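S.K.: Here you go, structure_34.pdb (PDB, C-alpha atoms):
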ATOM      1  CA  MET A 142     -12.338 -25.444  12.110
ATOM      2  CA  SER A 143     -13.752 -26.094  15.578
ATOM      3  CA  GLU A 144     -17.279 -26.156  16.959
ATOM      4  CA  THR A 145     -18.050 -24.855  20.420
ATOM      5  CA  THR A 146     -21.295 -25.175  22.349
ATOM      6  CA  ASN A 147     -21.196 -21.584  23.557
ATOM      7  CA  THR A 148     -24.387 -19.867  22.354
ATOM      8  CA  ASN A 149     -23.707 -16.592  24.105
ATOM      9  CA  SER A 150     -22.454 -14.641  21.135
ATOM     10  CA  SER A 151     -22.555 -11.124  22.535
ATOM     11  CA  GLY A 152     -19.188  -9.677  23.379
ATOM     12  CA  SER A 153     -17.553 -12.868  24.563
ATOM     13  CA  ILE A 154     -15.147 -13.326  21.691
ATOM     14  CA  SER A 155     -11.945 -12.700  23.540
ATOM     15  CA  THR A 156     -12.848 -14.691  26.648
ATOM     16  CA  THR A 157     -13.858 -17.764  24.656
ATOM     17  CA  ARG A 158     -10.729 -17.460  22.566
ATOM     18  CA  ARG A 159      -8.243 -17.047  25.362
ATOM     19  CA  ARG A 160      -9.556 -20.073  27.185
ATOM     20  CA  ASN A 161      -8.423 -22.562  24.540
ATOM     21  CA  ARG A 162      -5.157 -20.986  23.539
ATOM     22  CA  ALA A 163      -1.691 -21.767  24.825
ATOM     23  CA  PRO A 164      -0.222 -18.897  26.857
ATOM     24  CA  ARG A 165       1.594 -16.464  24.661
ATOM     25  CA  LYS A 166       5.357 -16.532  24.967
ATOM     26  CA  PRO A 167       6.829 -13.352  26.431
ATOM     27  CA  LYS A 168       7.971 -10.771  23.884
ATOM     28  CA  LYS A 169      11.620 -10.007  23.464
ATOM     29  CA  ASN A 170      12.631  -6.451  24.270
ATOM     30  CA  MET A 171      13.476  -4.976  20.867
ATOM     31  CA  ILE A 172      14.801  -1.608  22.093
ATOM     32  CA  PRO A 173      18.504  -2.672  22.225
ATOM     33  CA  VAL A 174      18.168  -4.128  18.717
ATOM     34  CA  GLY A 175      16.623  -0.853  17.518
ATOM     35  CA  LEU A 176      19.416   1.198  19.094
ATOM     36  CA  ALA A 177      22.074  -1.053  17.553
ATOM     37  CA  ALA A 178      20.370  -0.737  14.129
ATOM     38  CA  ALA A 179      20.229   3.058  14.500
ATOM     39  CA  LEU A 180      23.952   3.085  15.324
ATOM     40  CA  VAL A 181      24.702   0.979  12.225
ATOM     41  CA  PHE A 182      22.573   3.358  10.086
ATOM     42  CA  VAL A 183      24.507   6.372  11.399
ATOM     43  CA  ILE A 184      27.917   4.726  10.826
ATOM     44  CA  ILE A 185      27.005   3.676   7.266
ATOM     45  CA  GLY A 186      25.606   7.196   6.690
ATOM     46  CA  ILE A 187      28.878   8.801   7.791
ATOM     47  CA  LEU A 188      30.928   6.418   5.634
ATOM     48  CA  LEU A 189      28.713   7.096   2.593
ATOM     49  CA  ALA A 190      28.779  10.862   3.138
ATOM     50  CA  GLN A 191      32.587  10.761   3.099
ATOM     51  CA  ARG A 192      32.495   9.185  -0.358
ATOM     52  CA  SER A 193      29.851  11.555  -1.684
ATOM     53  CA  ALA A 194      27.408  13.931   0.002
ATOM     54  CA  MET A 195      24.674  12.814  -2.403
ATOM     55  CA  LEU A 196      25.052   9.142  -1.379
ATOM     56  CA  GLY A 197      24.680  10.098   2.270
ATOM     57  CA  PHE A 198      21.588  12.128   1.441
ATOM     58  CA  PHE A 199      20.029   9.239  -0.511
ATOM     59  CA  TRP A 200      20.765   6.883   2.382
ATOM     60  CA  MET A 201      19.015   9.210   4.827
ATOM     61  CA  THR A 202      15.977   9.969   2.669
ATOM     62  CA  GLY A 203      15.656   6.286   1.732
ATOM     63  CA  ILE A 204      15.489   5.224   5.368
ATOM     64  CA  ALA A 205      13.114   8.079   6.199
ATOM     65  CA  PHE A 206      10.772   7.188   3.307
ATOM     66  CA  GLY A 207      10.835   3.526   4.288
ATOM     67  CA  PHE A 208      10.020   4.349   7.886
ATOM     68  CA  VAL A 209       7.107   6.615   6.945
ATOM     69  CA  LEU A 210       5.735   4.066   4.458
ATOM     70  CA  GLN A 211       5.957   1.257   6.987
ATOM     71  CA  ARG A 212       4.405   3.126   9.900
ATOM     72  CA  ALA A 213       1.716   4.810   7.802
ATOM     73  CA  ARG A 214       0.940   1.567   5.891
ATOM     74  CA  PHE A 215       0.579   3.825   2.892
ATOM     75  CA  CYS A 216      -0.077   1.252   0.185
ATOM     76  CA  PHE A 217      -0.405   2.538  -3.385
ATOM     77  CA  THR A 218      -1.535  -0.879  -4.577
ATOM     78  CA  ALA A 219      -4.414  -0.910  -2.106
ATOM     79  CA  SER A 220      -5.357   2.633  -3.091
ATOM     80  CA  MET A 221      -6.076   1.413  -6.632
ATOM     81  CA  ARG A 222      -7.418  -2.014  -5.726
ATOM     82  CA  ASP A 223      -9.564  -1.549  -2.614
ATOM     83  CA  PRO A 224     -12.302   0.530  -4.282
ATOM     84  CA  TYR A 225     -13.065  -2.536  -6.383
ATOM     85  CA  LEU A 226     -12.295  -5.195  -3.782
ATOM     86  CA  THR A 227     -13.887  -3.761  -0.641
ATOM     87  CA  GLY A 228     -15.390  -0.445  -1.685
ATOM     88  CA  GLY A 229     -13.064   1.314   0.744
ATOM     89  CA  THR A 230     -11.454   4.451  -0.647
ATOM     90  CA  SER A 231      -9.610   5.863   2.371
ATOM     91  CA  LEU A 232      -6.209   5.048   0.812
ATOM     92  CA  THR A 233      -7.357   6.254  -2.608
ATOM     93  CA  ARG A 234      -8.265   9.584  -1.066
ATOM     94  CA  ALA A 235      -4.979   9.699   0.862
ATOM     95  CA  VAL A 236      -3.110   9.280  -2.447
ATOM     96  CA  LEU A 237      -5.234  12.034  -4.013
ATOM     97  CA  ILE A 238      -4.366  14.373  -1.126
ATOM     98  CA  ALA A 239      -0.683  13.503  -1.620
ATOM     99  CA  PHE A 240      -1.065  14.308  -5.351
ATOM    100  CA  ALA A 241      -2.634  17.663  -4.467
ATOM    101  CA  LEU A 242       0.219  18.515  -2.095
ATOM    102  CA  THR A 243       2.901  17.516  -4.611
ATOM    103  CA  THR A 244       1.103  19.504  -7.324
ATOM    104  CA  ILE A 245       1.429  22.637  -5.227
ATOM    105  CA  GLY A 246       4.969  21.862  -4.059
ATOM    106  CA  PHE A 247       6.422  20.954  -7.446
ATOM    107  CA  THR A 248       4.710  23.862  -9.175
ATOM    108  CA  ALA A 249       6.259  26.176  -6.577
ATOM    109  CA  ILE A 250       9.727  24.716  -7.219
ATOM    110  CA  LYS A 251       9.374  24.781 -11.013
ATOM    111  CA  TYR A 252       7.865  28.255 -11.067
ATOM    112  CA  GLY A 253      10.686  29.479  -8.814
ATOM    113  CA  TYR A 254      13.249  28.432 -11.446
ATOM    114  CA  PHE A 255      11.067  29.682 -14.315
ATOM    115  CA  ALA A 256      10.604  33.132 -12.712
ATOM    116  CA  LYS A 257      14.370  33.534 -12.351
ATOM    117  CA  GLY A 258      14.870  32.524 -15.991
ATOM    118  CA  LEU A 259      16.742  29.376 -14.995
ATOM    119  CA  PRO A 260      16.165  26.009 -16.712
ATOM    120  CA  ILE A 261      13.212  24.304 -15.026
ATOM    121  CA  PRO A 262      14.314  21.147 -13.126
ATOM    122  CA  GLY A 263      12.700  17.800 -13.817
ATOM    123  CA  MET A 264      11.638  18.629 -17.370
ATOM    124  CA  SER A 265      13.177  15.378 -18.628
ATOM    125  CA  TYR A 266      10.210  13.688 -16.934
ATOM    126  CA  VAL A 267       7.765  15.516 -19.190
ATOM    127  CA  VAL A 268       7.483  12.693 -21.690
ATOM    128  CA  PRO A 269       5.021  11.900 -24.473
ATOM    129  CA  ILE A 270       1.731  10.284 -23.585
ATOM    130  CA  SER A 271       0.548   7.628 -25.968
ATOM    131  CA  LEU A 272      -1.175   4.277 -26.061
ATOM    132  CA  ALA A 273       2.077   2.919 -24.590
ATOM    133  CA  THR A 274       1.331   4.811 -21.347
ATOM    134  CA  LEU A 275      -2.080   3.147 -21.086
ATOM    135  CA  VAL A 276      -0.801  -0.353 -21.898
ATOM    136  CA  GLY A 277       2.167   0.030 -19.541
ATOM    137  CA  ALA A 278       0.020   1.286 -16.685
ATOM    138  CA  PHE A 279      -2.428  -1.587 -17.143
ATOM    139  CA  MET A 280       0.385  -4.163 -17.114
ATOM    140  CA  PHE A 281       1.970  -2.566 -14.065
ATOM    141  CA  GLY A 282      -1.414  -2.663 -12.336
ATOM    142  CA  ILE A 283      -1.826  -6.393 -12.946
ATOM    143  CA  GLY A 284       1.745  -7.030 -11.802
ATOM    144  CA  MET A 285       1.465  -5.081  -8.599
ATOM    145  CA  VAL A 286      -1.768  -6.739  -7.544
ATOM    146  CA  ILE A 287      -0.281 -10.208  -8.153
ATOM    147  CA  ALA A 288       2.953  -9.285  -6.362
ATOM    148  CA  GLY A 289       0.992  -7.744  -3.492
ATOM    149  CA  GLY A 290       2.820  -4.464  -3.689
ATOM    150  CA  CYS A 291       4.034  -1.733  -6.008
ATOM    151  CA  ALA A 292       7.699  -0.723  -6.132
ATOM    152  CA  SER A 293       7.855   1.098  -2.803
ATOM    153  CA  GLY A 294       5.519  -1.369  -1.086
ATOM    154  CA  THR A 295       7.612  -4.342  -2.197
ATOM    155  CA  LEU A 296      10.828  -2.724  -0.962
ATOM    156  CA  MET A 297       9.209  -1.785   2.331
ATOM    157  CA  ARG A 298       7.911  -5.281   2.981
ATOM    158  CA  VAL A 299      11.215  -6.901   2.065
ATOM    159  CA  GLY A 300      12.618  -4.684   4.829
ATOM    160  CA  GLU A 301       9.924  -5.993   7.152
ATOM    161  CA  GLY A 302      11.136  -9.504   6.409
ATOM    162  CA  PHE A 303       8.164 -10.754   4.406
ATOM    163  CA  PHE A 304       9.792 -13.510   2.427
ATOM    164  CA  MET A 305       7.329 -13.920  -0.453
ATOM    165  CA  GLN A 306       8.042 -10.387  -1.546
ATOM    166  CA  VAL A 307      11.774 -11.049  -1.821
ATOM    167  CA  LEU A 308      10.699 -13.107  -4.835
ATOM    168  CA  ALA A 309       8.721 -10.135  -6.163
ATOM    169  CA  LEU A 310      11.786  -7.930  -5.644
ATOM    170  CA  VAL A 311      14.023 -10.309  -7.645
ATOM    171  CA  PHE A 312      11.661 -10.183 -10.611
ATOM    172  CA  PHE A 313      11.114  -6.468 -10.113
ATOM    173  CA  VAL A 314      14.867  -6.031 -10.616
ATOM    174  CA  VAL A 315      14.889  -8.446 -13.588
ATOM    175  CA  GLY A 316      11.972  -6.600 -15.208
ATOM    176  CA  SER A 317      13.483  -3.174 -14.601
ATOM    177  CA  LEU A 318      16.823  -4.180 -16.103
ATOM    178  CA  TRP A 319      15.118  -5.785 -19.096
ATOM    179  CA  GLY A 320      12.960  -2.683 -19.547
ATOM    180  CA  ALA A 321      15.976  -0.384 -19.354
ATOM    181  CA  HIS A 322      17.826  -2.592 -21.867
ATOM    182  CA  ASP A 323      15.041  -2.388 -24.463
ATOM    183  CA  PHE A 324      13.861   1.101 -23.629
ATOM    184  CA  GLU A 325      15.394   2.790 -26.683
ATOM    185  CA  MET A 326      13.503   0.399 -28.972
ATOM    186  CA  TRP A 327      10.168   1.057 -27.236
ATOM    187  CA  LYS A 328      10.882   4.771 -27.281
ATOM    188  CA  TYR A 329      11.598   4.704 -30.996
ATOM    189  CA  LEU A 330       8.664   2.466 -31.924
ATOM    190  CA  PHE A 331       5.894   3.798 -29.691
ATOM    191  CA  ILE A 332       6.682   6.469 -27.131
ATOM    192  CA  SER A 333       8.152   9.092 -29.470
ATOM    193  CA  LYS A 334       4.981   8.947 -31.593
ATOM    194  CA  GLY A 335       2.981  10.468 -28.726
ATOM    195  CA  LYS A 336       2.670  14.094 -27.729
ATOM    196  CA  SER A 337       4.337  15.471 -24.607
ATOM    197  CA  VAL A 338       2.195  17.805 -22.574
ATOM    198  CA  PHE A 339       3.389  20.261 -19.950
ATOM    199  CA  LEU A 340       0.246  21.755 -18.428
ATOM    200  CA  PRO A 341       1.679  25.257 -17.731
ATOM    201  CA  ASP A 342       2.366  25.581 -21.490
ATOM    202  CA  ILE A 343      -1.356  25.184 -22.135
ATOM    203  CA  PHE A 344      -3.149  26.736 -19.169
ATOM    204  CA  GLY A 345      -0.447  29.029 -17.778
ATOM    205  CA  TRP A 346       1.142  28.396 -14.376
ATOM    206  CA  SER A 347      -1.819  29.255 -12.133
ATOM    207  CA  GLY A 348      -4.250  27.732 -14.619
ATOM    208  CA  ALA A 349      -2.337  24.447 -14.597
ATOM    209  CA  VAL A 350      -2.414  24.262 -10.797
ATOM    210  CA  PHE A 351      -6.119  25.101 -10.814
ATOM    211  CA  VAL A 352      -7.009  22.515 -13.483
ATOM    212  CA  GLN A 353      -5.012  19.772 -11.771
ATOM    213  CA  LEU A 354      -6.399  20.526  -8.292
ATOM    214  CA  LEU A 355      -9.913  20.645  -9.740
ATOM    215  CA  LEU A 356      -9.416  17.230 -11.339
ATOM    216  CA  ILE A 357      -8.088  15.817  -8.057
ATOM    217  CA  ALA A 358     -11.031  17.335  -6.156
ATOM    218  CA  VAL A 359     -13.485  15.747  -8.604
ATOM    219  CA  LEU A 360     -11.781  12.345  -8.175
ATOM    220  CA  TYR A 361     -11.884  12.814  -4.380
ATOM    221  CA  VAL A 362     -15.643  13.438  -4.439
ATOM    222  CA  VAL A 363     -16.165  10.480  -6.787
ATOM    223  CA  ALA A 364     -14.151   8.262  -4.405
ATOM    224  CA  LEU A 365     -16.204   9.447  -1.430
ATOM    225  CA  LYS A 366     -19.512   8.824  -3.237
ATOM    226  CA  TRP A 367     -18.275   5.401  -4.375
ATOM    227  CA  GLU A 368     -17.468   4.401  -0.795
ATOM    228  CA  GLN A 369     -20.874   5.595   0.447
ATOM    229  CA  LYS A 370     -22.638   3.736  -2.335
ATOM    230  CA  LYS A 371     -20.693   0.524  -1.677
ATOM    231  CA  SER A 372     -21.247   0.545   2.082
ATOM    232  CA  ASN A 373     -25.008   1.213   1.845
ATOM    233  CA  HIS A 374     -25.797  -1.667  -0.472
TER     234      HIS A 374
ATOM    235  CA  MET B 290     -21.500 -20.586  17.598
ATOM    236  CA  LYS B 291     -19.112 -21.793  14.968
ATOM    237  CA  GLU B 292     -15.470 -20.838  14.779
ATOM    238  CA  VAL B 293     -13.706 -20.761  11.415
ATOM    239  CA  ILE B 294      -9.954 -20.308  11.189
ATOM    240  CA  ILE B 295      -8.260 -19.132   8.019
ATOM    241  CA  ASP B 296      -4.528 -19.728   7.872
ATOM    242  CA  SER B 297      -3.217 -16.906   5.707
ATOM    243  CA  LEU B 298       0.336 -16.951   6.975
ATOM    244  CA  GLY B 299       2.767 -16.178   4.189
ATOM    245  CA  GLU B 300       0.122 -14.840   1.854
ATOM    246  CA  ALA B 301       0.381 -11.329   0.452
ATOM    247  CA  CYS B 302      -1.996  -8.444   0.713
ATOM    248  CA  PRO B 303      -5.266  -9.065  -1.098
ATOM    249  CA  VAL B 304      -5.359 -12.843  -0.552
ATOM    250  CA  PRO B 305      -6.264 -12.840   3.179
ATOM    251  CA  LEU B 306      -8.945 -10.221   2.540
ATOM    252  CA  VAL B 307     -10.541 -12.133  -0.337
ATOM    253  CA  LYS B 308     -10.455 -15.370   1.676
ATOM    254  CA  ALA B 309     -12.020 -13.623   4.661
ATOM    255  CA  GLN B 310     -14.756 -12.108   2.496
ATOM    256  CA  ASN B 311     -15.606 -15.464   0.927
ATOM    257  CA  ALA B 312     -15.562 -17.313   4.251
ATOM    258  CA  LEU B 313     -17.740 -14.741   5.995
ATOM    259  CA  LYS B 314     -20.336 -14.977   3.231
ATOM    260  CA  GLU B 315     -20.859 -18.668   4.058
ATOM    261  CA  MET B 316     -21.173 -18.099   7.794
ATOM    262  CA  GLU B 317     -24.147 -17.505  10.092
ATOM    263  CA  VAL B 318     -24.733 -14.472  12.293
ATOM    264  CA  GLY B 319     -22.851 -14.924  15.559
ATOM    265  CA  ASP B 320     -20.150 -17.139  14.049
ATOM    266  CA  VAL B 321     -16.554 -16.134  14.582
ATOM    267  CA  LEU B 322     -13.927 -15.968  11.862
ATOM    268  CA  ILE B 323     -10.254 -15.934  12.783
ATOM    269  CA  VAL B 324      -7.825 -14.839  10.103
ATOM    270  CA  GLN B 325      -4.164 -15.557  10.793
ATOM    271  CA  ILE B 326      -2.002 -12.992   9.041
ATOM    272  CA  ASP B 327       1.667 -12.096   8.850
ATOM    273  CA  HIS B 328       1.424  -9.419   6.175
ATOM    274  CA  SER B 329       1.369  -5.900   7.567
ATOM    275  CA  CYS B 330      -0.836  -4.507   4.811
ATOM    276  CA  ALA B 331      -3.476  -7.206   5.232
ATOM    277  CA  MET B 332      -3.350  -6.512   8.961
ATOM    278  CA  LYS B 333      -4.752  -3.109   8.111
ATOM    279  CA  ASN B 334      -7.252  -3.789   5.349
ATOM    280  CA  VAL B 335      -8.933  -6.912   6.746
ATOM    281  CA  PRO B 336     -10.025  -5.194   9.999
ATOM    282  CA  GLU B 337     -10.880  -2.000   8.115
ATOM    283  CA  TRP B 338     -13.153  -3.848   5.700
ATOM    284  CA  ALA B 339     -14.797  -5.913   8.474
ATOM    285  CA  ARG B 340     -15.448  -2.875  10.663
ATOM    286  CA  LYS B 341     -16.946  -1.002   7.732
ATOM    287  CA  GLU B 342     -19.289  -3.928   7.102
ATOM    288  CA  GLY B 343     -20.368  -3.525  10.725
ATOM    289  CA  HIS B 344     -18.875  -6.671  12.291
ATOM    290  CA  ASN B 345     -17.163  -6.865  15.675
ATOM    291  CA  VAL B 346     -13.415  -6.976  15.170
ATOM    292  CA  GLU B 347     -10.507  -7.653  17.482
ATOM    293  CA  ILE B 348      -6.839  -7.811  16.564
ATOM    294  CA  GLU B 349      -4.315  -9.768  18.531
ATOM    295  CA  GLU B 350      -0.591  -9.866  17.874
ATOM    296  CA  VAL B 351       0.136 -13.496  18.658
ATOM    297  CA  ASP B 352       3.825 -13.293  17.826
ATOM    298  CA  ASP B 353       6.222 -10.748  16.370
ATOM    299  CA  ALA B 354       4.617  -9.603  13.106
ATOM    300  CA  GLU B 355       1.980 -12.329  13.298
ATOM    301  CA  TRP B 356      -1.615 -11.360  13.935
ATOM    302  CA  GLU B 357      -4.999 -12.931  14.439
ATOM    303  CA  VAL B 358      -7.933 -10.866  13.278
ATOM    304  CA  ILE B 359     -11.033 -12.065  15.093
ATOM    305  CA  ILE B 360     -14.254 -11.176  13.310
ATOM    306  CA  GLU B 361     -17.689 -11.841  14.779
ATOM    307  CA  LYS B 362     -20.368 -11.806  12.102
ATOM    308  CA  THR B 363     -23.156  -9.496  13.201
ATOM    309  CA  LYS B 364     -25.406  -9.377  10.164
TER     310      LYS B 364
END
What would the structure in this file look like if it were written as structure tokens?

M.R.:
Amino acid sequence: MSETTNTNSSGSISTTRRRNRAPRKPKKNMIPVGLAAALVFVIIGILLAQRSAMLGFFWMTGIAFGFVLQRARFCFTASMRDPYLTGGTSLTRAVLIAFALTTIGFTAIKYGYFAKGLPIPGMSYVVPISLATLVGAFMFGIGMVIAGGCASGTLMRVGEGFFMQVLALVFFVVGSLWGAHDFEMWKYLFISKGKSVFLPDIFGWSGAVFVQLLLIAVLYVVALKWEQKKSNH
Amino acid sequence: MKEVIIDSLGEACPVPLVKAQNALKEMEVGDVLIVQIDHSCAMKNVPEWARKEGHNVEIEEVDDAEWEVIIEKTK
């Protein structure tokens, strides 16, 4: 903490600051490093694709997802936490828009298979909802706020070189393995007692899309109103 | 004009923001708060929150992946 005698507070932040700071050291040119990294990515991609096309595809999509997440600073943790912490809901609304887009996209894919009479892909993810869902989501929420990132956010920031989150990643792996190890027990004791719901079975295909988009739209409006209310206090 | 510096280097996302919020509450109009951050997510939400509250905000990248968010309290 430092006191200065400068009373002129209007617009002189940067000039006052630069005066008492050591000159910044020149930045290293990172372009050669970036090119070398890109070359390494391509070589590893080719090697993986020779073993299995799927591995090569995962490598590519993984890097692409990581890049988009990092540049967009698309933080799922913040989308759930910031409405409470700061009243800001811009990320919450971004997630809702992403949900709306995936609703349309995945319905299109699933309906495409359904219309041709083929087995619908991804139906193994239609799992029972029960109290276990609520408890699990709540625990995950606490964990991700303490760790400062959800699954994708933690991975992305480990890639950025943020050391504290390497620790989060270690325990993320430990927890996942432990969860997978005991999953059958949880499934038998709690999860299988719930009811699995596939919205198109209840509302029909177009009805399901409509209901889900309506729900997302309602949440979007609520988020917008919440932000306005919080910023006009 | 008082200048408060918060060293949040090495601290993950919500911590710098909460510290900044608490520090700014104690400060007078015209005081300057400097938050030192090396977490890319906090680099986004600290300035976003401060701008929404109506303060003057400047961001400076002092080193690779190390930022100073300079907030002047305006109200």

S.K.: Given all atoms listed in the file as the basis, pick out the residue of A:Thr218, A:Thr202, A:Thr233, A:Thr274 nearest to Ser333 of chain A.

M.R.: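 Among A:Thr218, A:Thr202, A:Thr233, A:Thr274, it is A:Thr274 that comes nearest to Ser333 of chain A.
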
S.K.: Residues picked by the PyMOL selection byres ((chain A and resi 305) around 8) here, as a list of chain:residue names?

M.R.: A:Phe303, A:Phe304, A:Gln306, A:Val307, A:Leu308, A:Ala309, B:Gly299, B:Glu300, B:Ala301

S.K.: Name the residues in contact with Val352 of chain A at a cut-off of 10 Å, using all atoms listed in the file, excluding same-chain residues fewer than 6 positions from it; report them as a ChimeraX atom specification.

M.R.: /A:340,344,358

S.K.: Output C-alpha atoms for every residue in the selection just made, as a short mmCIF file (atom, residue, chain, number, x, y, z; two decimals), in the coordinates of the input.

M.R.:
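Saved file again_33.cif follows:
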data_model
loop_
_atom_site.label_atom_id
_atom_site.label_comp_id
_atom_site.auth_asym_id
_atom_site.auth_seq_id
_atom_site.Cartn_x
_atom_site.Cartn_y
_atom_site.Cartn_z
CA LEU A 340 0.25 21.76 -18.43
CA PHE A 344 -3.15 26.74 -19.17
CA ALA A 358 -11.03 17.34 -6.16
#

S.K.: Taking all atoms listed in the file into account, report as a list in words which residues of chain B lie within 6 Å of chain A.

M.R.: Met290, Lys291, Glu292, Val293, Ile294, Ala301, Cys302 and Gly319 of chain B

S.K.: Applied to this file, what does the PyMOL selection byres ((chain B and resi 362) around 10) return in terms of residues, put as a PDB file with C-alpha atoms, in the coordinates of the input?

M.R.:
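For reference, part37.pdb as written:
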ATOM      1  CA  SER A 150     -22.454 -14.641  21.135  1.00  0.00           C
TER       2      SER A 150
ATOM      3  CA  LEU B 313     -17.740 -14.741   5.995  1.00  0.00           C
ATOM      4  CA  LYS B 314     -20.336 -14.977   3.231  1.00  0.00           C
ATOM      5  CA  MET B 316     -21.173 -18.099   7.794  1.00  0.00           C
ATOM      6  CA  GLU B 317     -24.147 -17.505  10.092  1.00  0.00           C
ATOM      7  CA  VAL B 318     -24.733 -14.472  12.293  1.00  0.00           C
ATOM      8  CA  GLY B 319     -22.851 -14.924  15.559  1.00  0.00           C
ATOM      9  CA  ASP B 320     -20.150 -17.139  14.049  1.00  0.00           C
ATOM     10  CA  VAL B 321     -16.554 -16.134  14.582  1.00  0.00           C
ATOM     11  CA  LEU B 322     -13.927 -15.968  11.862  1.00  0.00           C
ATOM     12  CA  ALA B 339     -14.797  -5.913   8.474  1.00  0.00           C
ATOM     13  CA  GLU B 342     -19.289  -3.928   7.102  1.00  0.00           C
ATOM     14  CA  GLY B 343     -20.368  -3.525  10.725  1.00  0.00           C
ATOM     15  CA  HIS B 344     -18.875  -6.671  12.291  1.00  0.00           C
ATOM     16  CA  ASN B 345     -17.163  -6.865  15.675  1.00  0.00           C
ATOM     17  CA  VAL B 346     -13.415  -6.976  15.170  1.00  0.00           C
ATOM     18  CA  ILE B 359     -11.033 -12.065  15.093  1.00  0.00           C
ATOM     19  CA  ILE B 360     -14.254 -11.176  13.310  1.00  0.00           C
ATOM     20  CA  GLU B 361     -17.689 -11.841  14.779  1.00  0.00           C
ATOM     21  CA  THR B 363     -23.156  -9.496  13.201  1.00  0.00           C
ATOM     22  CA  LYS B 364     -25.406  -9.377  10.164  1.00  0.00           C
TER      23      LYS B 364
END

S.K.: On this file, the PyMOL selection byres ((chain B and resi 351) around 10) gives some set of residues; write that set as a list in words.

M.R.: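 Going through the file, the PyMOL selection byres ((chain B and resi 351) around 10) ends up selecting Pro164, Arg165, Lys166 and Lys168 of chain A; Gln325, Ile326, Ile348, Glu349, Glu350, Asp352, Asp353, Ala354, Glu355, Trp356 and Glu357 of chain B.
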